[in-house]
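Next comes target.csv, a file with CSV, C-alpha atoms.
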chain,number,residue,atom,x,y,z
A,225,MET,CA,-7.3,50.7,-10.2
A,226,LYS,CA,-8.1,47.2,-9.1
A,227,ASN,CA,-7.3,44.2,-11.4
A,228,GLU,CA,-10.5,42.8,-12.9
A,229,LYS,CA,-10.8,39.1,-13.3
A,230,LYS,CA,-11.2,38.1,-16.9
A,231,SER,CA,-14.4,36.1,-17.6
A,232,VAL,CA,-13.9,32.7,-19.1
A,233,LYS,CA,-15.7,32.1,-22.3
A,234,THR,CA,-17.8,28.9,-22.3
A,235,GLY,CA,-19.4,27.4,-25.3
A,236,LYS,CA,-23.2,26.8,-25.3
A,237,TYR,CA,-22.8,23.0,-25.0
A,238,ALA,CA,-20.4,23.3,-22.0
A,239,GLU,CA,-22.9,25.8,-20.4
A,240,ALA,CA,-25.7,23.3,-21.0
A,241,PHE,CA,-23.6,20.5,-19.4
A,242,ILE,CA,-23.0,22.6,-16.4
A,243,ARG,CA,-26.7,23.3,-15.9
A,244,TYR,CA,-27.4,19.6,-16.3
A,245,LEU,CA,-24.8,18.7,-13.6
A,246,GLN,CA,-26.2,21.4,-11.3
A,247,LEU,CA,-30.0,20.8,-11.7
A,248,GLU,CA,-30.4,17.2,-12.7
A,249,LYS,CA,-27.3,15.5,-11.1
A,250,ASN,CA,-27.1,17.8,-8.1
A,251,SER,CA,-23.3,17.6,-8.5
A,252,SER,CA,-21.0,19.5,-6.1
A,253,PRO,CA,-19.1,22.6,-7.3
A,254,HIS,CA,-15.9,20.5,-6.9
A,255,THR,CA,-17.2,17.8,-9.2
A,256,ILE,CA,-18.4,20.3,-11.8
A,257,ALA,CA,-15.0,22.1,-11.7
A,258,ALA,CA,-13.3,18.7,-12.2
A,259,TYR,CA,-15.4,17.9,-15.3
A,260,LEU,CA,-14.8,21.3,-16.8
A,261,ALA,CA,-11.1,21.0,-16.2
A,262,GLY,CA,-11.0,17.8,-18.2
A,263,ILE,CA,-13.0,19.3,-21.0
A,264,SER,CA,-10.9,22.5,-21.0
A,265,GLU,CA,-7.7,20.5,-21.2
A,266,PHE,CA,-9.0,18.6,-24.2
A,267,THR,CA,-9.8,21.8,-26.1
A,268,VAL,CA,-6.4,23.3,-25.3
A,269,LEU,CA,-4.2,20.2,-26.0
A,270,VAL,CA,-6.1,18.8,-29.0
A,271,ARG,CA,-8.1,21.6,-30.6
A,272,ASN,CA,-5.9,24.6,-29.7
A,273,SER,CA,-8.9,26.4,-28.3
A,274,ASP,CA,-10.6,27.0,-25.0
A,275,LEU,CA,-14.0,26.2,-23.4
A,276,SER,CA,-15.7,28.4,-26.0
A,277,PHE,CA,-15.1,25.5,-28.5
A,278,ASP,CA,-18.4,24.2,-29.8
A,279,GLN,CA,-17.5,22.0,-32.8
A,280,TRP,CA,-17.9,18.8,-30.9
A,281,GLU,CA,-19.4,16.8,-33.8
A,282,SER,CA,-16.0,17.0,-35.5
A,283,VAL,CA,-14.2,15.3,-32.6
A,284,ASP,CA,-13.3,11.7,-33.6
A,285,ARG,CA,-11.6,8.7,-32.1
A,286,ASP,CA,-8.2,9.8,-33.3
A,287,GLN,CA,-8.5,13.0,-31.4
A,288,ALA,CA,-9.6,11.1,-28.4
A,289,ARG,CA,-6.5,9.0,-28.6
A,290,SER,CA,-4.4,12.2,-29.2
A,291,PHE,CA,-5.8,13.5,-25.9
A,292,VAL,CA,-4.6,10.4,-24.0
A,293,ILE,CA,-1.1,10.8,-25.5
A,294,ALA,CA,-1.0,14.5,-24.8
A,295,LEU,CA,-2.0,14.0,-21.2
A,296,HIS,CA,0.7,11.3,-20.8
A,297,ASP,CA,3.3,13.5,-22.4
A,298,ALA,CA,2.3,16.3,-20.0
A,299,GLY,CA,3.2,14.1,-17.1
A,300,ASN,CA,-0.3,13.2,-15.9
A,301,ALA,CA,-0.6,10.2,-13.6
A,302,LYS,CA,-2.7,7.3,-14.8
A,303,ARG,CA,-5.4,8.1,-12.3
A,304,SER,CA,-5.5,11.7,-13.4
A,305,ILE,CA,-5.9,10.6,-17.1
A,306,GLN,CA,-8.7,8.2,-16.1
A,307,ARG,CA,-10.6,11.1,-14.4
A,308,LYS,CA,-10.2,13.4,-17.4
A,309,LEU,CA,-11.3,10.7,-19.9
A,310,SER,CA,-14.3,10.0,-17.6
A,311,ALA,CA,-15.2,13.7,-17.8
A,312,MET,CA,-15.1,13.6,-21.6
A,313,ARG,CA,-17.2,10.4,-21.8
A,314,SER,CA,-19.8,12.0,-19.6
A,315,PHE,CA,-19.9,15.2,-21.6
A,316,PHE,CA,-20.3,13.3,-24.9
A,317,ARG,CA,-23.1,11.1,-23.4
A,318,PHE,CA,-24.9,14.3,-22.4
A,319,MET,CA,-24.5,15.7,-26.0
A,320,MET,CA,-25.7,12.4,-27.5
A,321,ARG,CA,-28.9,12.6,-25.5
A,322,SER,CA,-29.6,16.0,-27.0
A,323,ASN,CA,-28.6,14.8,-30.5
A,324,THR,CA,-25.7,17.2,-30.6
A,325,VAL,CA,-23.3,14.4,-31.6
A,326,ARG,CA,-24.0,11.0,-33.1
A,327,SER,CA,-21.3,9.0,-31.2
A,328,ASN,CA,-19.0,9.0,-28.2
A,329,PRO,CA,-15.4,8.8,-29.4
A,330,PHE,CA,-14.1,8.3,-25.8
A,331,CYS,CA,-16.1,5.1,-25.2
A,332,ASP,CA,-14.0,2.7,-27.2
A,333,LEU,CA,-10.6,3.7,-25.9
A,334,PRO,CA,-8.5,1.0,-24.3
A,335,LYS,CA,-8.9,1.0,-20.5
A,336,ILE,CA,-6.0,2.5,-18.6
A,337,LYS,CA,-5.0,0.5,-15.6
A,338,ALA,CA,-3.9,2.7,-12.7
A,339,ASP,CA,-0.6,1.9,-11.2
A,340,LYS,CA,-0.8,0.0,-8.0
A,341,PRO,CA,0.9,1.9,-5.2
A,342,LEU,CA,4.3,0.4,-4.2
A,343,PRO,CA,4.2,-1.3,-0.8
A,344,LYS,CA,5.7,0.6,2.0
A,345,VAL,CA,8.6,-1.0,3.7
A,346,MET,CA,10.4,-0.5,6.9
A,347,SER,CA,14.2,0.0,7.1
A,348,ILE,CA,16.3,-2.4,9.3
A,349,ASN,CA,16.8,0.5,11.7
A,350,GLN,CA,13.1,1.0,12.0
A,351,ILE,CA,12.5,-2.7,12.7
A,352,GLU,CA,15.1,-2.5,15.5
A,353,LEU,CA,13.4,0.6,16.9
A,354,LEU,CA,10.1,-1.2,16.9
A,355,LEU,CA,11.5,-4.3,18.7
A,356,ASN,CA,13.2,-2.1,21.4
A,357,ALA,CA,9.9,-0.2,21.9
A,358,VAL,CA,8.2,-3.4,23.0
A,359,ASP,CA,10.1,-3.8,26.2
A,360,SER,CA,10.0,0.0,27.0
A,361,TRP,CA,6.2,0.2,26.5
A,362,TRP,CA,5.5,-2.8,28.8
A,363,LYS,CA,7.8,-1.3,31.4
A,364,ASP,CA,6.0,2.0,31.3
A,365,ALA,CA,2.7,0.1,31.5
A,366,GLU,CA,3.9,-1.7,34.6
A,367,ALA,CA,5.0,1.6,36.2
A,368,ALA,CA,1.5,3.0,35.4
A,369,GLY,CA,-0.1,0.0,37.1
A,370,SER,CA,-1.6,-1.4,33.9
A,371,VAL,CA,0.1,-4.8,34.2
A,372,ARG,CA,-1.0,-7.2,36.9
A,373,SER,CA,2.4,-8.8,37.5
A,374,ALA,CA,6.0,-8.8,36.4
A,375,GLY,CA,5.4,-12.3,34.9
A,376,GLY,CA,2.6,-10.9,32.8
A,377,LEU,CA,4.9,-8.2,31.5
A,378,LEU,CA,7.7,-10.6,30.5
A,379,PHE,CA,5.1,-13.0,29.0
A,380,SER,CA,3.5,-10.3,26.8
A,381,SER,CA,6.7,-8.4,25.8
A,382,SER,CA,8.5,-11.6,24.9
A,383,ARG,CA,5.5,-12.9,22.9
A,384,ASP,CA,5.1,-9.7,20.8
A,385,LYS,CA,8.8,-9.6,20.1
A,386,ALA,CA,8.7,-13.2,18.9
A,387,ILE,CA,5.7,-12.4,16.7
A,388,ILE,CA,7.5,-9.4,15.1
A,389,GLU,CA,10.6,-11.4,14.6
A,390,ALA,CA,8.7,-14.4,13.1
A,391,ILE,CA,6.8,-12.2,10.6
A,392,TYR,CA,9.9,-10.4,9.5
A,393,SER,CA,12.2,-13.5,9.5
A,394,GLY,CA,9.7,-15.7,7.6
A,395,GLY,CA,7.7,-13.2,5.6
A,396,LEU,CA,4.5,-14.3,7.2
A,397,ARG,CA,1.1,-12.8,7.2
A,398,ILE,CA,-0.3,-11.9,10.6
A,399,SER,CA,-3.0,-14.6,10.2
A,400,GLU,CA,-0.4,-17.2,9.4
A,401,VAL,CA,1.8,-16.4,12.4
A,402,LEU,CA,-1.2,-16.3,14.8
A,403,ASN,CA,-2.6,-19.6,13.5
A,404,LEU,CA,0.7,-21.4,14.2
A,405,ASN,CA,0.3,-24.4,16.6
A,406,TYR,CA,2.9,-25.5,19.2
A,407,ALA,CA,4.2,-28.3,16.9
A,408,ASP,CA,4.6,-26.1,13.8
A,409,ALA,CA,7.7,-24.3,15.0
A,410,ASP,CA,11.0,-26.4,15.0
A,411,ILE,CA,13.2,-23.9,16.6
A,412,SER,CA,16.3,-26.1,16.6
A,413,SER,CA,16.2,-26.4,12.8
A,414,GLY,CA,14.9,-22.9,12.2
A,415,ILE,CA,11.9,-24.0,10.2
A,416,ILE,CA,8.2,-23.4,10.8
A,417,LYS,CA,5.3,-25.0,9.0
A,418,VAL,CA,2.8,-22.4,7.7
A,419,ARG,CA,-0.7,-22.7,6.6
A,420,GLY,CA,-1.3,-19.9,4.1
A,421,LYS,CA,-4.2,-18.9,1.8
A,422,GLY,CA,-6.3,-21.7,0.5
A,423,LYS,CA,-5.0,-23.9,3.3
A,424,LYS,CA,-1.8,-24.4,1.4
A,425,GLU,CA,1.2,-25.4,3.5
A,426,ARG,CA,4.7,-24.1,3.1
A,427,LEU,CA,7.9,-23.9,5.1
A,428,ALA,CA,9.2,-20.6,6.4
A,429,MET,CA,12.7,-19.8,7.8
A,430,LEU,CA,13.6,-18.5,11.2
A,431,GLY,CA,16.8,-16.5,11.5
A,432,THR,CA,18.9,-16.4,14.6
A,433,PRO,CA,17.2,-13.4,16.2
A,434,ALA,CA,13.8,-15.0,15.6
A,435,ARG,CA,14.9,-18.3,17.1
A,436,LYS,CA,16.3,-16.5,20.1
A,437,ALA,CA,13.0,-14.5,20.5
A,438,LEU,CA,10.9,-17.6,20.2
A,439,ARG,CA,12.9,-19.6,22.8
A,440,GLU,CA,12.6,-16.7,25.3
A,441,TYR,CA,8.8,-16.5,24.7
A,442,LEU,CA,8.4,-20.3,25.1
A,443,ARG,CA,10.1,-20.1,28.4
A,444,TYR,CA,7.5,-17.7,29.8
A,445,ARG,CA,4.7,-19.4,27.9
A,446,ASN,CA,5.4,-22.8,29.3
A,447,ALA,CA,5.9,-21.5,32.8
A,448,ALA,CA,2.5,-19.9,32.6
A,449,GLY,CA,1.0,-23.3,31.8
A,450,GLY,CA,0.5,-23.0,28.1
A,451,GLY,CA,-0.4,-26.3,26.5
A,452,ARG,CA,2.3,-28.4,24.7
A,453,GLU,CA,0.0,-30.6,22.7
A,454,SER,CA,0.8,-30.5,18.9
A,455,ASN,CA,-2.4,-28.6,18.1
A,456,SER,CA,-2.2,-26.1,21.0
A,457,PRO,CA,-1.9,-22.4,19.9
A,458,LEU,CA,1.6,-21.2,19.8
A,459,PHE,CA,0.9,-17.6,20.6
A,460,LEU,CA,-1.4,-17.1,23.6
A,461,ASN,CA,-3.1,-14.2,25.3
A,462,GLN,CA,-2.8,-13.9,29.1
A,463,SER,CA,-5.9,-15.9,29.5
A,464,GLY,CA,-4.3,-18.9,27.8
A,465,SER,CA,-6.4,-18.6,24.5
A,466,ARG,CA,-5.1,-18.1,21.0
A,467,LEU,CA,-4.0,-14.4,20.5
A,468,THR,CA,-6.2,-12.6,18.0
A,469,ALA,CA,-4.9,-10.3,15.2
A,470,ARG,CA,-6.9,-7.4,16.6
A,471,SER,CA,-5.2,-7.7,20.0
A,472,PHE,CA,-1.7,-7.8,18.5
A,473,GLN,CA,-2.5,-4.9,16.1
A,474,ARG,CA,-3.7,-2.9,19.1
A,475,ASN,CA,-0.4,-3.6,20.9
A,476,LEU,CA,1.6,-2.8,17.7
A,477,LYS,CA,0.0,0.7,17.5
A,478,ASN,CA,1.3,1.3,21.1
A,479,TYR,CA,4.8,0.2,20.1
A,480,LEU,CA,4.9,2.4,17.0
A,481,LEU,CA,3.9,5.4,19.1
A,482,ALA,CA,6.5,4.6,21.7
A,483,ALA,CA,9.2,4.2,18.9
A,484,GLY,CA,8.2,7.4,17.1
A,485,LEU,CA,7.4,5.4,14.0
A,486,PRO,CA,4.7,6.1,11.4
A,487,PRO,CA,1.3,5.0,12.8
A,488,ASP,CA,0.3,3.4,9.4
A,489,PHE,CA,3.0,0.7,9.7
A,490,THR,CA,1.2,-2.7,10.0
A,491,PRO,CA,2.2,-6.3,10.4
A,492,HIS,CA,2.0,-6.6,6.6
A,493,LYS,CA,4.6,-3.9,6.2
A,494,LEU,CA,7.0,-6.3,8.0
A,495,ARG,CA,6.2,-8.9,5.3
A,496,HIS,CA,6.8,-6.3,2.6
A,497,SER,CA,10.1,-5.5,4.3
A,498,PHE,CA,11.1,-9.1,4.4
A,499,ALA,CA,10.6,-9.5,0.6
A,500,THR,CA,12.3,-6.2,-0.3
A,501,HIS,CA,15.3,-6.7,1.9
A,502,LEU,CA,15.9,-10.2,0.4
A,503,LEU,CA,15.8,-8.8,-3.1
A,504,ASP,CA,18.1,-5.9,-2.1
A,505,ALA,CA,20.6,-8.5,-0.9
A,506,GLY,CA,20.5,-10.5,-4.1
A,507,ALA,CA,17.9,-13.2,-3.5
A,508,ASP,CA,16.3,-14.5,-6.7
A,509,LEU,CA,12.6,-13.7,-7.4
A,510,ARG,CA,11.5,-17.4,-7.6
A,511,SER,CA,12.9,-18.1,-4.1
A,512,VAL,CA,11.2,-15.1,-2.6
A,513,GLN,CA,7.9,-16.1,-4.3
A,514,GLU,CA,8.1,-19.5,-2.6
A,515,MET,CA,8.9,-18.0,0.8
A,516,LEU,CA,6.0,-15.6,0.5
A,517,GLY,CA,3.6,-18.3,-0.7
A,518,HIS,CA,2.6,-16.4,-3.8
A,519,GLU,CA,0.8,-18.5,-6.4
A,520,ASN,CA,1.8,-16.2,-9.3
A,521,LEU,CA,5.3,-14.7,-9.8
A,522,SER,CA,3.6,-11.5,-11.0
A,523,THR,CA,2.4,-10.9,-7.4
A,524,THR,CA,6.0,-11.0,-6.2
A,525,GLN,CA,7.4,-8.8,-8.9
A,526,ILE,CA,6.0,-5.7,-7.3
A,527,TYR,CA,8.9,-5.9,-4.8
A,528,THR,CA,11.4,-5.7,-7.6
A,529,HIS,CA,9.9,-2.2,-8.3
A,530,VAL,CA,10.4,-1.2,-4.7
A,531,SER,CA,14.0,-2.4,-4.8
A,532,ALA,CA,14.5,-0.5,-8.1
A,533,GLU,CA,13.1,2.7,-6.6
A,534,ARG,CA,15.6,2.4,-3.7
A,535,LEU,CA,18.5,1.9,-6.2
A,536,LYS,CA,17.4,5.0,-8.1
A,537,LYS,CA,17.5,7.1,-4.9
A,538,VAL,CA,21.0,5.7,-4.1
A,539,TYR,CA,22.2,6.4,-7.6
A,540,ALA,CA,20.7,9.9,-7.7
A,541,GLY,CA,22.4,10.8,-4.4
A,542,ALA,CA,25.8,9.2,-5.1
A,543,HIS,CA,26.6,9.2,-8.8
A,544,PRO,CA,28.7,12.3,-9.8
A,545,LEU,CA,26.8,12.8,-13.1
A,546,ALA,CA,23.3,11.8,-11.9
A,547,ALA,CA,20.6,14.5,-12.5
A,548,GLY,CA,23.1,16.7,-14.3
A,549,LYS,CA,25.5,17.1,-11.4
A,550,LYS,CA,28.7,19.0,-12.3
A,551,VAL,CA,32.0,17.5,-11.5
A,552,LYS,CA,34.5,20.0,-10.1
Take the structure I supplied and represent it as structure tokens, if you would.
Amino acid sequence: MKNEKKSVKTGKYAEAFIRYLQLEKNSSPHTIAAYLAGISEFTVLVRNSDLSFDQWESVDRDQARSFVIALHDAGNAKRSIQRKLSAMRSFFRFMMRSNTVRSNPFCDLPKIKADKPLPKVMSINQIELLLNAVDSWWKDAEAAGSVRSAGGLLFSSSRDKAIIEAIYSGGLRISEVLNLNYADADISSGIIKVRGKGKKERLAMLGTPARKALREYLRYRNAAGGGRESNSPLFLNQSGSRLTARSFQRNLKNYLLAAGLPPDFTPHKLRHSFATHLLDAGADLRSVQEMLGHENLSTTQIYTHVSAERLKKVYAGAHPLAAGKKVK
């Protein structure tokens, strides 16, 4: 005998809400199922019932708050809680229009701010793989006949390595590094003058690898006839004009593919990595804020969460009593 599916009892108001969503709102089955899931969870967690519950006039603001607490205790993410509260608000608005209830207890609840996703960072090893992939990709392009000359190969590969090094060494935005002029980079002192958001200027640092990469690029740039006036673009395309962000990002996609790295890595991930690696090494938050050019410290604090998550993983994998490990 085949198992028969048990029919789910649904109260008359939930049934009416479903018809409203189908006929008037033309909602998709997925949307309707999501609404019903939120309503069902309320009846289970707060009213110890199911969708057959119909005493909606008795639901008050305290029970609405209890629903938020129950969802949080059950491990729901903030975005999930937001969706379920939205379902309850919509359901009560529907019942208010039909005079089933006099008020909407879910309308006055404090807003729940969804957690911002932590920025993705690259490991030092991944950054090295990316830099190595620049040379290998251009050599393959030359072998395939995509590069007009060996000089063009050396110019482009040295330029893109210098850009990657400058972003990671100074924590620069892609717009900041490509807007650099010839006089902005003092390679001997390892300092570059950056114009950030709101045309605010700051000084950024160049580490030894970045200085070496820039010197190599400048050798090919100057040999190709790049201008040395103070306001001449530092990073040029092969036509002698300022390199655009779109061109560099297109090249970066090729390097990521050649290195076997995730295709969603972007120039901004290098900036994230700069901040996270500094904090991992013990740099203070205020200094990192200055180097990133953040106006508010709260913007920089997200990187402390990234560092904390990394520490948690190290702790969980190394501590003998982490996660209930037994010591033999």
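Residues lying at most 10 Å from (0.6, -9.9, 28.5) in file coordinates, with only C-alpha atoms considered, are Trp362, Val371, Arg372, Ser373, Ala374, Gly375, Gly376, Leu377, Leu378, Phe379, Ser380, Ser381, Ser382, Arg383, Asp384, Leu460, Asn461, Gln462, Ser463 and Asn475 of chain A.
In this structure, atom CA of A:Val270 sits 21.6 Å away from atom CA of A:Ala240.
Residues within 8 Å of stretch 310-327 of chain A, counting all atoms listed in the file and excluding same-chain residues fewer than 3 positions away, are Tyr237, Phe241, Ala258, Tyr259, Leu260, Gly262, Ile263, Trp280, Glu281, Gln306, Arg307, Phe330 and Cys331 of chain A.
Using only C-alpha atoms, the protein and nucleic acid residues lying no more than 7 Å from A:Asn455, apart from those fewer than 6 places from it along its own chain, are Asn405, Tyr406 and Ala407 of chain A.
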Any chance you could export the current selection's C-alpha atoms as an mmCIF file, in the frame of the given file?
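Dumped everything to result14.cif:
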data_model
loop_
_atom_site.group_PDB
_atom_site.id
_atom_site.type_symbol
_atom_site.label_atom_id
_atom_site.label_comp_id
_atom_site.auth_asym_id
_atom_site.auth_seq_id
_atom_site.Cartn_x
_atom_site.Cartn_y
_atom_site.Cartn_z
ATOM 1 C CA ASN A 405 0.300 -24.400 16.600
ATOM 2 C CA TYR A 406 2.900 -25.500 19.200
ATOM 3 C CA ALA A 407 4.200 -28.300 16.900
#
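As for atom CA of A:Tyr441 and atom CA of A:Arg397, they are spaced 19.5 Å apart.
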Option closest in space to A:Ile415, from A:Ala507, A:Leu516, A:Leu427, A:Ala386 [counting all atoms listed in the file]: A:Leu427
